[in-house]
Structures are given as structure tokens and as C-alpha cells.
>>> print(open('target_24.csv').read())   # CSV, C-alpha atoms
chain,number,residue,atom,x,y,z
A,16,MET,CA,73.6,105.0,118.6
A,17,SER,CA,71.8,107.3,116.2
A,18,THR,CA,72.0,111.0,116.7
A,19,THR,CA,71.0,114.1,114.7
A,20,LEU,CA,73.4,116.2,112.7
A,21,ASP,CA,71.6,119.5,113.2
A,22,ASP,CA,72.0,122.6,111.1
A,23,ARG,CA,73.4,125.9,112.1
A,24,LYS,CA,70.1,127.6,112.5
A,25,ASN,CA,69.6,125.6,115.6
A,26,GLY,CA,73.0,126.6,116.9
A,27,THR,CA,74.1,123.1,117.7
A,28,THR,CA,77.3,121.4,116.7
A,29,ALA,CA,77.2,118.9,113.9
A,30,PHE,CA,77.8,115.9,116.0
A,31,SER,CA,75.8,116.7,119.2
A,32,ASP,CA,73.2,114.3,120.4
A,33,SER,CA,69.7,115.5,119.4
A,34,ASP,CA,68.4,114.8,122.9
A,35,GLN,CA,70.9,117.0,124.6
A,36,PRO,CA,69.8,120.5,125.5
A,37,SER,CA,71.6,123.3,123.6
A,38,ALA,CA,69.7,126.4,124.5
A,39,ASP,CA,72.6,128.0,126.2
A,40,GLN,CA,74.8,127.6,123.2
A,41,PRO,CA,75.2,130.7,121.0
A,42,PRO,CA,74.1,130.2,117.4
A,43,ALA,CA,77.0,128.9,115.3
A,44,VAL,CA,76.3,131.5,112.7
A,45,ALA,CA,77.6,134.1,115.1
A,46,PHE,CA,81.1,132.8,114.5
A,47,GLU,CA,80.9,133.3,110.7
A,48,ASP,CA,84.0,135.5,110.4
A,49,HIS,CA,85.6,134.6,113.7
A,50,GLU,CA,89.4,134.3,113.6
A,51,LEU,CA,89.2,131.0,115.4
A,52,ILE,CA,87.6,129.3,112.4
A,53,ASP,CA,90.1,126.8,110.9
A,54,PRO,CA,91.1,128.4,107.6
A,55,ARG,CA,91.4,124.9,106.0
A,56,TRP,CA,87.6,124.8,105.9
A,57,ASP,CA,87.8,127.1,102.9
A,58,GLU,CA,89.5,124.5,100.8
A,59,ILE,CA,87.1,121.8,102.0
A,60,LEU,CA,84.1,123.8,101.1
A,61,LYS,CA,85.7,124.7,97.7
A,62,THR,CA,86.2,121.0,97.0
A,63,LEU,CA,82.6,120.2,98.0
A,64,LEU,CA,81.3,122.9,95.7
A,65,SER,CA,83.4,121.4,92.8
A,66,PHE,CA,81.6,118.1,93.3
A,67,PHE,CA,78.4,119.6,91.7
A,68,ASP,CA,80.3,119.5,88.4
A,69,TYR,CA,81.2,115.8,88.6
A,70,GLU,CA,79.5,113.4,86.3
A,71,ASP,CA,79.5,109.6,86.3
A,72,ASP,CA,82.9,108.2,85.4
A,73,TRP,CA,84.4,111.4,87.0
A,74,ASP,CA,87.5,109.3,88.0
A,75,GLY,CA,88.0,107.5,84.7
A,76,MET,CA,87.2,104.2,86.5
A,77,ASP,CA,83.4,104.2,86.2
A,78,GLY,CA,82.9,106.0,89.5
A,79,ALA,CA,79.4,107.2,90.3
A,80,ALA,CA,78.9,110.9,90.9
A,81,ALA,CA,77.3,111.9,94.2
A,82,SER,CA,73.8,113.3,93.9
A,83,ALA,CA,73.2,117.0,94.5
A,84,SER,CA,71.3,116.2,97.7
A,85,VAL,CA,74.2,114.2,99.1
A,86,ILE,CA,76.6,117.1,98.3
A,87,GLU,CA,74.2,119.5,99.9
A,88,SER,CA,74.1,117.4,103.0
A,89,ALA,CA,77.9,117.2,103.1
A,90,ILE,CA,78.0,121.0,102.8
A,91,ARG,CA,75.6,121.4,105.7
A,92,ILE,CA,77.8,119.2,107.8
A,93,ALA,CA,80.9,121.1,106.9
A,94,LEU,CA,79.3,124.5,107.6
A,95,THR,CA,78.0,123.3,110.9
A,96,GLN,CA,81.4,122.0,111.9
A,97,ARG,CA,83.2,125.1,110.7
A,98,ASN,CA,80.9,127.5,112.4
A,99,ALA,CA,81.1,125.5,115.6
A,100,LEU,CA,84.9,126.1,115.4
A,101,HIS,CA,85.8,122.4,114.9
A,102,PRO,CA,89.1,121.7,113.2
A,103,ALA,CA,88.8,120.9,109.5
A,104,PRO,CA,89.4,117.3,108.4
A,105,ASP,CA,92.5,116.4,106.3
A,106,ALA,CA,90.4,116.0,103.2
A,107,VAL,CA,87.0,115.6,101.7
A,108,ALA,CA,86.5,113.2,98.8
A,109,MET,CA,83.9,111.7,96.6
A,110,THR,CA,84.0,107.9,96.7
A,111,CYS,CA,83.6,105.7,93.6
A,112,ASN,CA,80.1,104.8,94.9
A,113,GLY,CA,78.8,108.4,95.0
A,114,THR,CA,79.1,109.0,98.7
A,115,ILE,CA,81.2,111.7,100.3
A,116,THR,CA,83.9,111.2,103.0
A,117,PHE,CA,85.6,113.6,105.4
A,118,GLU,CA,88.9,112.0,106.5
A,119,THR,CA,91.0,112.9,109.6
A,120,SER,CA,94.3,111.2,110.3
A,121,ALA,CA,95.3,110.1,113.8
A,122,SER,CA,98.3,112.4,114.1
A,123,GLU,CA,100.7,114.3,112.0
A,124,SER,CA,103.5,111.8,112.5
A,125,GLU,CA,101.4,108.7,112.2
A,126,PRO,CA,98.3,109.1,110.0
A,127,PHE,CA,96.8,105.7,110.7
A,128,PRO,CA,94.2,104.9,111.7
A,129,ILE,CA,92.1,107.3,109.7
A,130,THR,CA,88.7,108.5,111.1
A,131,THR,CA,86.1,108.9,108.4
A,132,LEU,CA,82.7,110.6,108.4
A,133,GLU,CA,80.9,109.3,105.4
A,134,VAL,CA,77.7,111.0,104.0
A,135,LEU,CA,75.9,107.9,102.7
A,136,SER,CA,72.7,109.6,101.5
A,137,GLU,CA,70.8,112.9,101.9
A,138,THR,CA,69.8,111.9,105.4
A,139,ASP,CA,72.4,109.4,106.6
A,140,ALA,CA,76.0,109.6,107.7
A,141,GLU,CA,78.3,107.3,109.5
A,142,LEU,CA,81.5,107.9,111.6
A,143,TYR,CA,84.0,105.0,111.5
A,144,VAL,CA,87.6,104.0,112.1
A,145,GLY,CA,88.7,101.1,110.0
A,146,GLY,CA,85.7,98.7,110.1
A,147,GLU,CA,84.4,99.9,113.4
A,148,VAL,CA,81.3,102.2,113.1
A,149,LEU,CA,81.5,104.6,116.0
A,150,GLN,CA,78.3,106.4,115.4
A,151,THR,CA,75.5,106.7,112.8
A,152,TYR,CA,73.7,110.0,112.2
A,153,THR,CA,70.5,111.3,110.7
A,154,ILE,CA,71.3,114.6,108.9
A,155,ALA,CA,68.7,117.3,109.6
A,156,LYS,CA,67.6,119.4,106.7
B,20,MET,CA,110.7,71.5,73.7
B,21,TRP,CA,113.4,73.7,75.2
B,22,ALA,CA,113.4,75.7,72.0
B,23,ALA,CA,109.7,76.5,72.3
B,24,LYS,CA,110.2,77.6,75.9
B,25,PHE,CA,113.2,79.8,74.8
B,26,CYS,CA,111.2,81.4,72.0
B,27,LYS,CA,108.3,82.1,74.4
B,28,ARG,CA,110.8,83.8,76.9
B,29,ILE,CA,112.2,85.9,74.1
B,30,ARG,CA,108.7,87.1,73.1
B,31,SER,CA,108.0,88.2,76.6
B,32,ARG,CA,111.1,90.4,76.9
B,33,SER,CA,110.7,94.1,77.4
B,34,LYS,CA,113.2,97.0,77.2
B,35,CYS,CA,113.5,99.2,80.3
B,36,ALA,CA,114.3,102.9,80.0
B,37,GLY,CA,118.0,102.3,80.6
B,38,GLY,CA,118.2,99.9,77.7
B,39,LEU,CA,118.4,97.0,80.1
B,40,VAL,CA,116.4,93.9,78.9
B,41,VAL,CA,114.3,92.3,81.5
B,42,SER,CA,112.2,89.2,81.3
B,43,LEU,CA,108.4,89.6,81.9
B,44,LYS,CA,106.2,86.9,83.3
B,45,ASP,CA,103.4,85.5,81.2
B,46,GLU,CA,100.1,86.3,82.8
B,47,SER,CA,99.2,82.6,82.7
B,48,GLU,CA,102.0,81.9,85.2
B,49,PRO,CA,100.9,81.5,88.9
B,50,ILE,CA,101.2,84.6,91.1
B,51,SER,CA,104.1,84.3,93.5
B,52,ASP,CA,104.4,85.8,96.9
B,53,ASP,CA,107.4,88.0,95.9
B,54,GLU,CA,105.5,89.8,93.1
B,55,TRP,CA,104.4,93.4,93.2
B,56,LEU,CA,100.9,94.4,92.3
B,57,VAL,CA,100.0,97.9,91.0
B,58,ARG,CA,96.8,99.8,91.8
B,59,ARG,CA,95.6,102.8,89.9
B,60,VAL,CA,94.9,105.6,92.4
B,61,ARG,CA,93.4,109.0,91.4
B,62,TYR,CA,95.5,112.1,92.4
B,63,ASP,CA,93.0,113.2,95.0
B,64,ARG,CA,93.6,110.0,97.1
B,65,PHE,CA,97.1,111.0,97.9
B,66,ARG,CA,97.1,113.1,101.1
B,67,ASP,CA,99.7,115.8,101.3
B,68,HIS,CA,100.0,115.5,105.0
B,69,LYS,CA,103.1,116.1,107.2
B,70,THR,CA,103.4,112.3,106.8
B,71,PRO,CA,101.9,111.7,103.4
B,72,TYR,CA,99.4,108.9,103.1
B,73,VAL,CA,97.1,107.2,100.6
B,74,SER,CA,93.4,107.3,101.5
B,75,PRO,CA,91.7,104.0,102.3
B,76,GLY,CA,89.1,105.1,99.7
B,77,ALA,CA,91.6,104.2,97.0
B,78,PHE,CA,90.7,100.6,97.6
B,79,GLU,CA,86.9,100.8,97.8
B,80,PRO,CA,85.1,98.3,95.6
B,81,ARG,CA,82.8,99.8,93.0
B,82,THR,CA,79.2,98.6,93.7
B,83,GLY,CA,77.5,100.2,90.7
B,84,GLY,CA,78.0,101.6,87.3
B,85,SER,CA,78.6,99.5,84.2
B,86,GLN,CA,81.6,97.6,85.6
B,87,PRO,CA,81.1,96.9,89.3
B,88,ASP,CA,83.9,95.1,91.1
B,89,GLU,CA,81.9,91.9,91.3
B,90,GLU,CA,85.0,89.7,91.6
B,91,GLY,CA,87.1,92.2,93.6
B,92,ILE,CA,89.1,95.4,93.1
B,93,SER,CA,91.5,95.5,90.2
B,94,LEU,CA,95.3,95.4,90.3
B,95,TYR,CA,98.0,94.5,87.8
B,96,ARG,CA,101.1,92.3,88.1
B,97,LEU,CA,104.1,94.5,87.7
B,98,SER,CA,106.0,91.3,86.7
B,99,CYS,CA,103.8,91.1,83.6
B,100,LEU,CA,104.0,94.7,82.6
B,101,GLY,CA,107.5,95.9,83.5
B,102,SER,CA,106.2,99.4,84.4
B,103,VAL,CA,102.9,101.2,84.8
B,104,GLN,CA,103.2,102.6,81.3
B,105,PRO,CA,100.9,100.0,79.6
B,106,ILE,CA,98.1,101.0,82.1
B,107,LEU,CA,98.7,104.7,81.5
B,108,ASP,CA,98.7,104.1,77.7
B,109,PHE,CA,95.3,102.5,77.9
B,110,ILE,CA,93.7,105.6,79.5
B,111,ALA,CA,92.3,107.4,76.4
B,112,ASP,CA,91.3,110.7,78.0
B,113,PRO,CA,94.5,112.8,78.5
B,114,VAL,CA,93.1,114.6,81.6
B,115,LYS,CA,92.2,111.4,83.3
B,116,GLN,CA,95.6,110.0,82.3
B,117,SER,CA,97.3,113.0,83.9
B,118,GLU,CA,95.2,112.4,87.1
B,119,ALA,CA,96.2,108.7,87.3
B,120,GLY,CA,98.6,107.8,90.1
B,121,PHE,CA,99.9,104.3,91.0
B,122,VAL,CA,100.9,102.5,94.2
B,123,GLN,CA,102.4,99.0,94.5
B,124,VAL,CA,101.8,96.3,97.1
B,125,ASN,CA,103.6,93.1,97.7
B,126,VAL,CA,101.6,89.8,97.3
B,127,GLY,CA,103.3,88.3,100.4
B,128,GLU,CA,102.3,91.3,102.5
B,129,LEU,CA,98.7,91.1,101.2
B,130,LEU,CA,98.6,87.6,102.5
B,131,THR,CA,99.8,88.7,106.0
B,132,ILE,CA,96.8,91.1,106.2
B,133,GLY,CA,94.4,88.3,105.1
B,134,LEU,CA,94.0,89.3,101.4
B,135,THR,CA,94.3,87.0,98.5
B,136,THR,CA,94.7,87.5,94.8
B,137,GLN,CA,93.2,85.8,91.7
B,138,ARG,CA,94.1,86.1,88.1
B,139,ASP,CA,91.3,87.7,86.0
B,140,LYS,CA,91.4,88.2,82.3
B,141,ASP,CA,91.6,91.7,81.0
B,142,ASP,CA,91.7,92.0,77.2
B,143,ASN,CA,93.3,95.5,77.3
B,144,VAL,CA,96.1,95.3,79.9
B,145,LYS,CA,98.1,92.2,80.8
B,146,GLY,CA,98.5,90.8,84.3
B,147,HIS,CA,95.1,91.7,85.7
B,148,VAL,CA,94.3,90.4,89.1
B,149,VAL,CA,91.5,90.9,91.6
B,150,ILE,CA,91.3,90.8,95.4
B,151,PRO,CA,88.1,88.8,96.1
B,152,GLU,CA,87.8,89.9,99.8
B,153,LEU,CA,87.3,93.5,98.5
B,154,SER,CA,84.4,92.8,96.1
B,155,ALA,CA,81.1,94.6,95.3
B,156,PRO,CA,78.9,91.9,96.9
B,157,ALA,CA,81.0,92.2,100.2
B,158,PHE,CA,80.8,96.0,100.2
B,159,ARG,CA,77.1,96.1,99.5
B,160,ASP,CA,76.5,94.0,102.7
B,161,ALA,CA,76.3,97.1,104.9
B,162,LYS,CA,75.4,95.1,108.1
B,163,GLY,CA,78.0,92.4,107.6
B,164,ALA,CA,81.0,92.1,105.2
B,165,ARG,CA,81.4,95.8,104.7
B,166,LYS,CA,83.0,96.1,108.1
B,167,LEU,CA,85.8,93.6,107.1
B,168,CYS,CA,86.1,95.5,103.7
B,169,ARG,CA,86.7,98.8,105.5
B,170,GLU,CA,89.3,97.2,107.8
B,171,LYS,CA,91.2,95.7,104.9
B,172,MET,CA,91.0,99.0,102.9
B,173,MET,CA,92.6,100.7,105.8
B,174,GLN,CA,95.4,98.1,106.1
B,175,LEU,CA,96.0,98.2,102.4
B,176,ALA,CA,96.2,102.0,102.5
B,177,GLU,CA,98.8,101.8,105.2
B,178,LEU,CA,100.9,99.4,103.1
B,179,ALA,CA,100.4,101.7,100.0
B,180,SER,CA,101.4,104.8,101.9
B,181,ARG,CA,105.0,103.8,102.4
B,182,PRO,CA,107.4,105.9,100.3
B,183,GLU,CA,108.6,102.9,98.4
B,184,ALA,CA,105.0,101.9,97.5
B,185,ILE,CA,104.2,105.1,95.8
B,186,LEU,CA,105.2,104.7,92.1
B,187,ARG,CA,103.5,107.8,90.7
B,188,ASP,CA,101.8,110.6,92.6
B,189,PRO,CA,100.4,113.0,89.9
B,190,SER,CA,100.6,116.1,92.1
B,191,LYS,CA,104.3,115.5,92.5
B,192,LEU,CA,105.1,115.4,88.8
B,193,PRO,CA,107.0,118.4,87.5
B,194,SER,CA,104.6,119.4,84.6
B,195,ASP,CA,101.0,120.8,84.6
B,196,HIS,CA,99.6,117.9,86.6
B,197,PRO,CA,96.7,118.2,89.1
B,198,GLN,CA,97.7,120.0,92.3
>>> encode(input="target_24.csv", output="C-alpha cells")
Amino acid sequence: MSTTLDDRKNGTTAFSDSDQPSADQPPAVAFEDHELIDPRWDEILKTLLSFFDYEDDWDGMDGAAASASVIESAIRIALTQRNALHPAPDAVAMTCNGTITFETSASESEPFPITTLEVLSETDAELYVGGEVLQTYTIAK
Amino acid sequence: MWAAKFCKRIRSRSKCAGGLVVSLKDESEPISDDEWLVRRVRYDRFRDHKTPYVSPGAFEPRTGGSQPDEEGISLYRLSCLGSVQPILDFIADPVKQSEAGFVQVNVGELLTIGLTTQRDKDDNVKGHVVIPELSAPAFRDAKGARKLCREKMMQLAELASRPEAILRDPSKLPSDHPQ
């Protein structure tokens, strides 16, 4: 199923279906300084911003750097999730193929399986566990 | 005949830190199930979780750049190297050297999760092997083989996350290494 990762101006959560009404939901931006925001998002956003400085071979193993548009899309997703009070993932990382992944472990005591949201391009993202793709998304600008 | 073999064995000996002399395998020798293979893993793939783990992304095949993993992701036979030092020594950039971590996986355990290994010549570091199931062509196949690749990356990450598998986590080193 393909859904839309909408931005915060529309007040929807990052992973809500585009065809579901959200008019009664307050704009996510209203929660900007809310104490319920997971503080770990700060580190995630800081890491995402640092990706703008990455160049090809950033990992010393010939890794491709993500394009600015992919990083911007990942930041939009992170902000939408953060402002909708979703918990932060364990980590955000650039892959050797220039995509960006948000990784969340299964539990504190048993991390596997890992759930990954991967920003594949400026407009496409995929949520998967192991080899199983749970959902594909179109990222709204 | 025996003398030639003996001389070859002497040439492949290496000194460990404790002064103990160990015999290293020649890279032309077949890979046995009891061998350990080393994978270079950047510091940001080690997750400092309550139960620490290594990200499956550490085993993703490179599909682009000047050296895509056409034959499979790279690992090195510990039995040919003695330690990870020869791999570290080959990293010219000191920053990237300090960012380099290493995990080890057992060949027999790889087989149990459906992964095989093949010897592959590397002029710079001895004992280079590849895992053909985790190759660039397979990973490029978004509608087909990538699914299996991701499954195997996850299983491999689970094996590499055990405490005994982590040989060097740069963020856990005492000096000014990446945090």
C-alpha cells in the first residue's frame, strides 16, 4: 500500500494514510516546545543536519553521499514525527548507497528484529522489517 | 618436499602481542567452517542501546561508486591476518582509521543462515573473501533479490551483535575516538 508522508503544515502525522481525514487533528506545529516531545529527536535532527557535510567516500569505503534533497526529505519526516509526539528511533544513518535510514529496535532487551524506515529518494520511502516491506510512502513536499 | 612445506609454514608465522608465535593460513588454502571472518564496520553502525547491537546497514552491498560490491560484500579471514591490524594499517586517512570498527562472524554460522563465502584476490590485504548472496546485482533488484539481501543483512547483524563478535568498537576505545 502506498500512502503519503505529509508535512507538518497539513497537521498530519508522518505515516498517516493520505485518504484518511485529519481535519480534527491540531496542527503538529502547535507542539513545537511541548514537554512531551521525545528529547532524543534533537540528536536525530543534529545527525541529519551533519549529513549535508558528507561527501562521496564519507565512510572510507567508497560510500555514496546522500543528495541534499534526500536529506531534506528525511528532515521533513523527522520533524513531522517529532511534532506529532512520536518516539524517536534508535538512530538515523546514511547508507553506503546514499539513502537514509531511521532504525528502531524491537525492545530494549532484545533489539532484533529492527524496523527500518528508509528514505530512498526525495519522494520515496519504505518501511520494512528484515526483508519484509510493510509499507511504501510518497513523501509530500 | 617436507622441507619446502616447512619453510612455507615458517614464512607465514606471525608474532602476537604477547610474544606468542602463531601460524597463519595461506590465503590460497580453502576456507574451513571453523574460521572467523572480519568485517570492517564504521563507528556509527554500533548502536549504544541498552542491549548494544550492530546495524544491519553494516552489511549492505555498495551498488555504486568506483568499487561496487559486484561479487559480494568484503570480509577478511582472521586466520590469514592474525588480527585486524593489517586492515587498519591499510587505511591511509587517520580520521577514517579511527572511525573503523570490526566485527567477526564464524563461517559455519554463516552457512546456517544460508550465506556462503568465496575467496577473492585483494592485492592490499590478505585473506579477502566475499559473500556472493550479498552482492550489488542482488541489492539493485528492488523487486526481487533485495528482499533476501535485507533478510540476510538482519541475520548477519544479529550474529555480529554478540559481545564476542565485536572486536573493535571505536566509540568504546579510551582515546579521542568518535563518540
>>> interface_residues(input="target_24.csv", of="chain B", to="chain A", cutoff="8 Å", atoms="all atoms listed in the file", output="count of residues only")
30
>>> residues_around(input="target_24.csv", residues="Glu118 in chain B", least_positions_apart="5", cutoff="9 Å", atoms="all atoms listed in the file", output="PDB file with C-alpha atoms, in the coordinates of the input")
ATOM      1  CA  ASP A  74      87.500 109.300  88.000  1.00  0.00           C
TER       2      ASP A  74
ATOM      3  CA  VAL B  60      94.900 105.600  92.400  1.00  0.00           C
ATOM      4  CA  ARG B  61      93.400 109.000  91.400  1.00  0.00           C
ATOM      5  CA  TYR B  62      95.500 112.100  92.400  1.00  0.00           C
ATOM      6  CA  ASP B  63      93.000 113.200  95.000  1.00  0.00           C
ATOM      7  CA  PRO B 113      94.500 112.800  78.500  1.00  0.00           C
ATOM      8  CA  ASP B 188     101.800 110.600  92.600  1.00  0.00           C
ATOM      9  CA  PRO B 189     100.400 113.000  89.900  1.00  0.00           C
ATOM     10  CA  SER B 190     100.600 116.100  92.100  1.00  0.00           C
ATOM     11  CA  HIS B 196      99.600 117.900  86.600  1.00  0.00           C
ATOM     12  CA  PRO B 197      96.700 118.200  89.100  1.00  0.00           C
TER      13      PRO B 197
END
>>> atom_distance(input="target_24.csv", atom1="CA of Leu134 in chain B", atom2="CA of Leu97 in chain B")
17.8 Å
>>> atom_distance(input="target_24.csv", atom1="CA of Glu183 in chain B", atom2="CA of Lys140 in chain B")
27.8 Å
>>> atom_distance(input="target_24.csv", atom1="CA of Val144 in chain B", atom2="CA of Ala176 in chain B")
23.6 Å
>>> closest_residue(input="target_24.csv", among="A:Leu51, A:Ala121, A:Ile115, A:Ile59", to="Ala93 in chain A", atoms="all atoms listed in the file")
A:Ile59
>>> closest_residue(input="target_24.csv", among="A:Ser82, A:Ser65, A:Ser88, A:Thr130", to="Tyr152 in chain A", atoms="all atoms listed in the file")
A:Ser88
>>> residues_around(input="target_24.csv", residues="Val122 in chain B", least_positions_apart="3", cutoff="8 Å", atoms="all atoms listed in the file", output="VMD selection string")
chain B and resid 57 to 60 179 184 to 187
>>> residues_near_point(input="target_24.csv", point="(105.6, 89.0, 88.7)", cutoff="10 Å", atoms="all atoms listed in the file", output="PDB file with C-alpha atoms, in the coordinates of the input")
ATOM      1  CA  SER B  42     112.200  89.200  81.300  1.00  0.00           C
ATOM      2  CA  LEU B  43     108.400  89.600  81.900  1.00  0.00           C
ATOM      3  CA  LYS B  44     106.200  86.900  83.300  1.00  0.00           C
ATOM      4  CA  ASP B  45     103.400  85.500  81.200  1.00  0.00           C
ATOM      5  CA  GLU B  46     100.100  86.300  82.800  1.00  0.00           C
ATOM      6  CA  GLU B  48     102.000  81.900  85.200  1.00  0.00           C
ATOM      7  CA  PRO B  49     100.900  81.500  88.900  1.00  0.00           C
ATOM      8  CA  ILE B  50     101.200  84.600  91.100  1.00  0.00           C
ATOM      9  CA  SER B  51     104.100  84.300  93.500  1.00  0.00           C
ATOM     10  CA  ASP B  52     104.400  85.800  96.900  1.00  0.00           C
ATOM     11  CA  ASP B  53     107.400  88.000  95.900  1.00  0.00           C
ATOM     12  CA  GLU B  54     105.500  89.800  93.100  1.00  0.00           C
ATOM     13  CA  TRP B  55     104.400  93.400  93.200  1.00  0.00           C
ATOM     14  CA  LEU B  56     100.900  94.400  92.300  1.00  0.00           C
ATOM     15  CA  TYR B  95      98.000  94.500  87.800  1.00  0.00           C
ATOM     16  CA  ARG B  96     101.100  92.300  88.100  1.00  0.00           C
ATOM     17  CA  LEU B  97     104.100  94.500  87.700  1.00  0.00           C
ATOM     18  CA  SER B  98     106.000  91.300  86.700  1.00  0.00           C
ATOM     19  CA  CYS B  99     103.800  91.100  83.600  1.00  0.00           C
ATOM     20  CA  LEU B 100     104.000  94.700  82.600  1.00  0.00           C
ATOM     21  CA  GLY B 101     107.500  95.900  83.500  1.00  0.00           C
ATOM     22  CA  VAL B 126     101.600  89.800  97.300  1.00  0.00           C
ATOM     23  CA  GLY B 146      98.500  90.800  84.300  1.00  0.00           C
TER      24      GLY B 146
END
>>> residues_around(input="target_24.csv", residues="Asp139 in chain A", least_positions_apart="3", cutoff="8 Å", atoms="only C-alpha atoms", output="VMD selection string")
chain A and resid 134 to 136 151 to 154
>>> write_last_selection(input="target_24.csv", atoms="C-alpha atoms", output="PDB file, keeping the file's coordinate frame")
ATOM      1  CA  VAL A 134      77.700 111.000 104.000  1.00  0.00           C
ATOM      2  CA  LEU A 135      75.900 107.900 102.700  1.00  0.00           C
ATOM      3  CA  SER A 136      72.700 109.600 101.500  1.00  0.00           C
ATOM      4  CA  THR A 151      75.500 106.700 112.800  1.00  0.00           C
ATOM      5  CA  TYR A 152      73.700 110.000 112.200  1.00  0.00           C
ATOM      6  CA  THR A 153      70.500 111.300 110.700  1.00  0.00           C
ATOM      7  CA  ILE A 154      71.300 114.600 108.900  1.00  0.00           C
TER       8      ILE A 154
END
>>> closest_residue(input="target_24.csv", among="B:Leu153, B:Ser93, B:Leu175, B:Pro75", to="Ile132 in chain B", atoms="all atoms listed in the file")
B:Leu175
>>> closest_residue(input="target_24.csv", among="B:Asn143, B:Ser47, B:Gln123, B:Gln174", to="Leu107 in chain B", atoms="all atoms listed in the file")
B:Asn143
>>> closest_residue(input="target_24.csv", among="B:Asp88, B:Pro193, B:Phe65, B:Leu178", to="Gly127 in chain B", atoms="all atoms listed in the file")
B:Leu178
